[in-house]
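Trainee: What follows is query_10.cif; its format and atoms are mmCIF, C-alpha atoms.
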data_final
#
loop_
_atom_site.label_atom_id
_atom_site.label_comp_id
_atom_site.auth_asym_id
_atom_site.auth_seq_id
_atom_site.Cartn_x
_atom_site.Cartn_y
_atom_site.Cartn_z
CA MET A 38 74.50 53.79 152.79
CA VAL A 39 73.80 50.41 154.34
CA ILE A 40 71.02 48.15 153.04
CA ARG A 41 69.97 45.62 155.66
CA GLU A 42 67.12 43.25 156.33
CA TYR A 43 64.03 44.51 158.12
CA GLU A 44 63.74 44.09 161.89
CA SER A 45 60.44 44.44 163.77
CA GLY A 46 61.97 47.32 165.76
CA ASP A 47 61.99 49.35 162.51
CA LEU A 48 58.22 49.24 162.17
CA ARG A 49 57.19 52.54 163.76
CA PHE A 50 59.92 54.42 161.86
CA LEU A 51 58.80 52.88 158.56
CA ALA A 52 55.15 53.76 159.18
CA GLU A 53 56.12 57.36 159.92
CA LEU A 54 58.44 57.53 156.91
CA PHE A 55 55.62 56.19 154.70
CA CYS A 56 53.15 58.86 155.77
CA GLU A 57 55.62 61.74 155.58
CA THR A 58 56.93 60.63 152.20
CA VAL A 59 53.50 60.26 150.62
CA HIS A 60 52.47 63.74 151.77
CA ALA A 61 55.73 65.43 150.75
CA VAL A 62 56.88 63.59 147.62
CA ASN A 63 53.58 62.58 146.03
CA ALA A 64 51.95 65.99 146.58
CA ARG A 65 52.92 67.12 143.08
CA ASP A 66 50.79 64.36 141.49
CA TYR A 67 47.87 63.87 143.89
CA THR A 68 45.37 66.13 145.65
CA GLU A 69 45.39 66.65 149.41
CA GLU A 70 42.23 64.55 149.64
CA GLN A 71 43.94 61.70 147.77
CA LEU A 72 47.07 61.95 149.95
CA ASP A 73 44.97 61.82 153.12
CA ALA A 74 43.12 58.73 151.85
CA TRP A 75 46.42 57.04 150.90
CA ALA A 76 48.30 57.87 154.10
CA ASP A 77 46.16 59.18 156.94
CA GLY A 78 48.80 58.68 159.63
CA THR A 79 47.43 55.37 160.85
CA VAL A 80 48.89 52.05 159.79
CA ASP A 81 47.87 48.57 160.95
CA LEU A 82 51.27 47.93 162.54
CA GLU A 83 50.58 44.26 163.25
CA LYS A 84 49.56 43.62 159.64
CA TRP A 85 52.55 45.54 158.26
CA ASP A 86 54.99 43.72 160.54
CA LEU A 87 53.61 40.35 159.47
CA SER A 88 53.84 41.17 155.77
CA PHE A 89 57.34 42.65 156.16
CA ARG A 90 58.49 39.45 157.87
CA GLN A 91 56.88 37.29 155.15
CA HIS A 92 58.40 39.34 152.31
CA HIS A 93 61.93 40.21 151.28
CA THR A 94 62.03 43.50 153.17
CA PHE A 95 65.05 45.77 153.22
CA VAL A 96 65.82 49.02 155.00
CA ALA A 97 68.26 51.67 153.79
CA VAL A 98 70.22 53.47 156.50
CA MET A 99 72.28 56.63 155.93
CA ASN A 100 74.25 58.30 158.70
CA GLY A 101 72.40 56.22 161.28
CA GLN A 102 68.96 57.26 160.02
CA ILE A 103 66.43 55.11 158.19
CA ALA A 104 66.31 56.64 154.72
CA GLY A 105 64.01 54.21 152.91
CA PHE A 106 62.50 50.76 152.74
CA GLY A 107 60.97 48.31 150.32
CA ASP A 108 59.39 44.88 150.30
CA MET A 109 58.74 42.23 147.67
CA ASP A 110 57.05 38.86 147.99
CA ASP A 111 58.25 35.55 146.54
CA THR A 112 56.15 36.00 143.38
CA GLY A 113 58.07 39.18 142.50
CA TYR A 114 55.32 41.58 143.58
CA LEU A 115 56.95 44.77 144.86
CA ASP A 116 54.47 45.95 147.49
CA ARG A 117 56.05 49.04 149.04
CA LEU A 118 59.01 51.26 148.15
CA TYR A 119 59.43 54.55 149.97
CA VAL A 120 62.41 56.87 150.36
CA HIS A 121 62.42 59.58 153.03
CA LYS A 122 61.63 63.02 151.64
CA ASP A 123 65.06 64.32 152.73
CA PHE A 124 66.94 61.49 150.97
CA GLN A 125 65.43 61.63 147.47
CA ARG A 126 67.61 61.17 144.36
CA ARG A 127 70.56 59.55 146.15
CA GLY A 128 70.28 56.05 144.69
CA ILE A 129 68.38 54.63 147.66
CA ALA A 130 65.36 53.36 145.72
CA THR A 131 67.67 51.83 143.13
CA ALA A 132 69.72 50.04 145.79
CA LEU A 133 66.58 48.76 147.52
CA CYS A 134 65.09 47.51 144.22
CA ASP A 135 68.34 45.80 143.26
CA LYS A 136 68.36 43.98 146.59
CA MET A 137 64.67 42.98 146.43
CA GLU A 138 64.86 41.78 142.82
CA GLU A 139 67.94 39.72 143.66
CA ALA A 140 66.29 38.18 146.72
CA ALA A 141 62.98 37.29 145.05
CA ARG A 142 64.45 34.71 142.65
CA THR A 143 61.67 35.01 140.11
CA LEU A 144 61.67 35.76 136.40
CA ARG A 145 59.04 38.50 136.48
CA PHE A 146 58.47 41.50 138.71
CA THR A 147 55.23 43.43 139.18
CA THR A 148 54.32 46.60 141.04
CA HIS A 149 51.47 49.07 141.27
CA ALA A 150 53.34 52.33 140.79
CA SER A 151 52.05 55.76 141.70
CA ILE A 152 52.07 58.55 139.13
CA THR A 153 55.14 59.87 140.95
CA ALA A 154 57.02 56.54 140.90
CA LYS A 155 56.16 55.54 137.32
CA PRO A 156 59.21 57.26 135.70
CA PHE A 157 61.54 55.61 138.23
CA PHE A 158 60.22 52.15 137.39
CA GLU A 159 60.31 52.87 133.64
CA GLY A 160 63.99 53.71 134.08
CA ARG A 161 64.48 50.26 135.62
CA GLY A 162 62.91 48.54 132.62
CA TYR A 163 59.39 48.13 133.98
CA GLN A 164 56.58 48.66 131.49
CA ALA A 165 53.12 49.98 132.28
CA VAL A 166 50.59 47.24 131.54
CA LYS A 167 47.57 49.34 132.50
CA GLU A 168 46.49 52.49 134.23
CA GLN A 169 43.97 51.89 136.99
CA GLN A 170 41.91 53.69 139.61
CA VAL A 171 42.13 52.27 143.12
CA GLU A 172 39.80 53.29 145.89
CA ARG A 173 41.10 54.26 149.31
CA LYS A 174 38.54 55.39 151.87
CA GLY A 175 36.09 56.36 149.14
CA VAL A 176 38.67 58.35 147.16
CA LEU A 177 40.02 57.27 143.77
CA LEU A 178 43.77 57.30 143.12
CA THR A 179 45.48 56.61 139.81
CA ASN A 180 48.31 54.12 139.64
CA TYR A 181 49.90 51.83 137.08
CA VAL A 182 50.31 48.07 136.98
CA MET A 183 53.91 47.68 135.82
CA THR A 184 55.93 44.58 135.01
CA LYS A 185 59.52 43.71 134.24
CA GLU A 186 61.04 40.49 132.97
CA LYS A 187 64.27 39.48 134.68
CA GLU A 188 67.27 39.72 132.42
CA GLU A 189 68.97 36.46 131.55
CA GLU A 190 72.20 35.98 133.43
CA SER A 191 75.23 35.18 131.32
CA CYS A 192 77.76 32.46 132.14
#
Translate the structure described by the file into structure tokens.
Mentor:
Amino acid sequence: MVIREYESGDLRFLAELFCETVHAVNARDYTEEQLDAWADGTVDLEKWDLSFRQHHTFVAVMNGQIAGFGDMDDTGYLDRLYVHKDFQRRGIATALCDKMEEAARTLRFTTHASITAKPFFEGRGYQAVKEQQVERKGVLLTNYVMTKEKEEESC
């Protein structure tokens, strides 16, 4: 696996990976209506590209195929983390998070984790601060505000 920085040429692949992953991986925790509201197959590509370029955005590549991606801003807010449905449980999300947390250079990390992703983040030391309902296209989805304090580095 290679973890590299995002390039604008990745954009369409990432948008497709996002939609496919939400519908395949998150289906065990959300209804079809919720999945459609979350990822309806359309992404504002210009807006995503701009935010990816402003954030610490990394892409995981396995055997020449994009297997996952994640982005975090300078405040330590982890915005997106998605691993292709065919590449689950291979350490990709962990490698992406390690890279983003290292790049952000902040003492605290925050994310809004889906029901599906919550156990992954708990395993990384994130704690759920609150459960919340977010509205997407008139449909409510449950997620969790989660935070993690950066571990002190030893000499």
Trainee: Report, in Å with one decimal, the straight-line distance from atom CA of A:Leu51 to atom CA of A:Glu186.
Mentor: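 So the answer is 28.5 Å.
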Trainee: Decode the PyMOL selection byres ((chain A and resi 124) around 12) for the given file into explicit residues and return them as a list in words.
Mentor: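 Applying the PyMOL selection byres ((chain A and resi 124) around 12) to the structure shown produces Met38, Leu54, Thr58, Ala61, Val62, Ala97, Val98, Met99, Asn100, Gln102, Ile103, Ala104, Gly105, Phe106, Tyr119, Val120, His121, Lys122, Asp123, Gln125, Arg126, Arg127, Gly128, Ile129 and Ala130 of chain A.
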Trainee: Would you write out, as a PDB file with C-alpha atoms, in the coordinates of the input, every residue that the PyMOL selection byres ((chain A and resi 63) around 9) captures in this file?
Mentor:
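Output contents, as saved in out29.pdb:
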ATOM      1  CA  THR A  58      56.930  60.630 152.200  1.00  0.00           C
ATOM      2  CA  VAL A  59      53.500  60.260 150.620  1.00  0.00           C
ATOM      3  CA  HIS A  60      52.470  63.740 151.770  1.00  0.00           C
ATOM      4  CA  ALA A  61      55.730  65.430 150.750  1.00  0.00           C
ATOM      5  CA  VAL A  62      56.880  63.590 147.620  1.00  0.00           C
ATOM      6  CA  ALA A  64      51.950  65.990 146.580  1.00  0.00           C
ATOM      7  CA  ARG A  65      52.920  67.120 143.080  1.00  0.00           C
ATOM      8  CA  ASP A  66      50.790  64.360 141.490  1.00  0.00           C
ATOM      9  CA  TYR A  67      47.870  63.870 143.890  1.00  0.00           C
ATOM     10  CA  THR A  68      45.370  66.130 145.650  1.00  0.00           C
ATOM     11  CA  LEU A  72      47.070  61.950 149.950  1.00  0.00           C
ATOM     12  CA  SER A 151      52.050  55.760 141.700  1.00  0.00           C
ATOM     13  CA  ILE A 152      52.070  58.550 139.130  1.00  0.00           C
ATOM     14  CA  THR A 153      55.140  59.870 140.950  1.00  0.00           C
ATOM     15  CA  ALA A 154      57.020  56.540 140.900  1.00  0.00           C
TER      16      ALA A 154
END
Trainee: Which residue gives the smallest distance to A:Phe95 among A:Glu83, A:Asp47, A:Glu42, A:Glu139, with only C-alpha atoms counted?
Mentor: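 Using only C-alpha atoms, the shortest distance to A:Phe95 belongs to A:Glu42.
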Trainee: One decimal, Å: what's the distance from atom CA of A:Met137 over to atom CA of A:His92, could you say?
Mentor: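 Going from atom CA of A:Met137 over to atom CA of A:His92, I get 9.3 Å.
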Trainee: Please, what distance in Å, to one decimal, runs between atom CA of A:Glu69 and atom CA of A:Thr94?
Mentor: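 Separation between atom CA of A:Glu69 and atom CA of A:Thr94: 28.8 Å.
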Trainee: Do you know which residues lie at most 8 Å from (52.3, 56.4, 163.1), with coordinates as in the file and all atoms listed in the file counted, and could you write them as a count of residues only?
Mentor: 8
Trainee: Between stretch 163-190 of chain A and stretch 146-149 of chain A, at 6 Å or less, what are the per-residue closest atom pairs and their distances in Å? Count only C-alpha atoms, order by chain and rising residue number, and return it as a tab-separated table.
Mentor:
residue	atom	partner	partner_atom	distance
A:Tyr181	CA	A:His149	CA	5.3
A:Val182	CA	A:His149	CA	4.6
A:Met183	CA	A:Thr148	CA	5.3
A:Thr184	CA	A:Thr147	CA	4.4
A:Lys185	CA	A:Phe146	CA	5.1
Trainee: Restricting it to C-alpha atoms, dump the selection as an mmCIF file, in the coordinates of the input.
Mentor:
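Once everything was written out, this is result_12.cif:
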data_model
loop_
_atom_site.group_PDB
_atom_site.id
_atom_site.type_symbol
_atom_site.label_atom_id
_atom_site.label_comp_id
_atom_site.auth_asym_id
_atom_site.auth_seq_id
_atom_site.Cartn_x
_atom_site.Cartn_y
_atom_site.Cartn_z
ATOM 1 C CA TYR A 181 49.900 51.830 137.080
ATOM 2 C CA VAL A 182 50.310 48.070 136.980
ATOM 3 C CA MET A 183 53.910 47.680 135.820
ATOM 4 C CA THR A 184 55.930 44.580 135.010
ATOM 5 C CA LYS A 185 59.520 43.710 134.240
#
Trainee: I'd like the residues picked by the PyMOL selection byres ((chain A and resi 179) around 6) written out as a list in words, using the chain letters and numbers from the file.
Mentor: Gln169, Gln170, Leu178 and Asn180 of chain A
Trainee: Mind listing as a list in words all residues within 10 Å of (58.9, 38.0, 143.8), counting all atoms listed in the file?
Mentor: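 Those within range, by chain then number, are His92, His93, Asp108, Met109, Asp110, Asp111, Thr112, Gly113, Tyr114, Leu115, Asp116, Met137, Glu138, Glu139, Ala140, Ala141, Arg142, Thr143, Leu144, Arg145, Phe146 and Thr147 of chain A.
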Trainee: Between A:Glu168, A:Gly162, A:Trp75, A:Ala132, which has the minimum distance to A:Lys187 (counting all atoms listed in the file)?
Mentor: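 Smallest separation from A:Lys187 among the options: A:Gly162.
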Trainee: Pick the closest to A:Leu87 from A:Glu70, A:Glu44, A:Asp135, A:Glu57: which is it, counting only C-alpha atoms?
Mentor: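 Checking each of A:Glu70, A:Glu44, A:Asp135, A:Glu57 against A:Leu87, counting only C-alpha atoms, the winner is A:Glu44.
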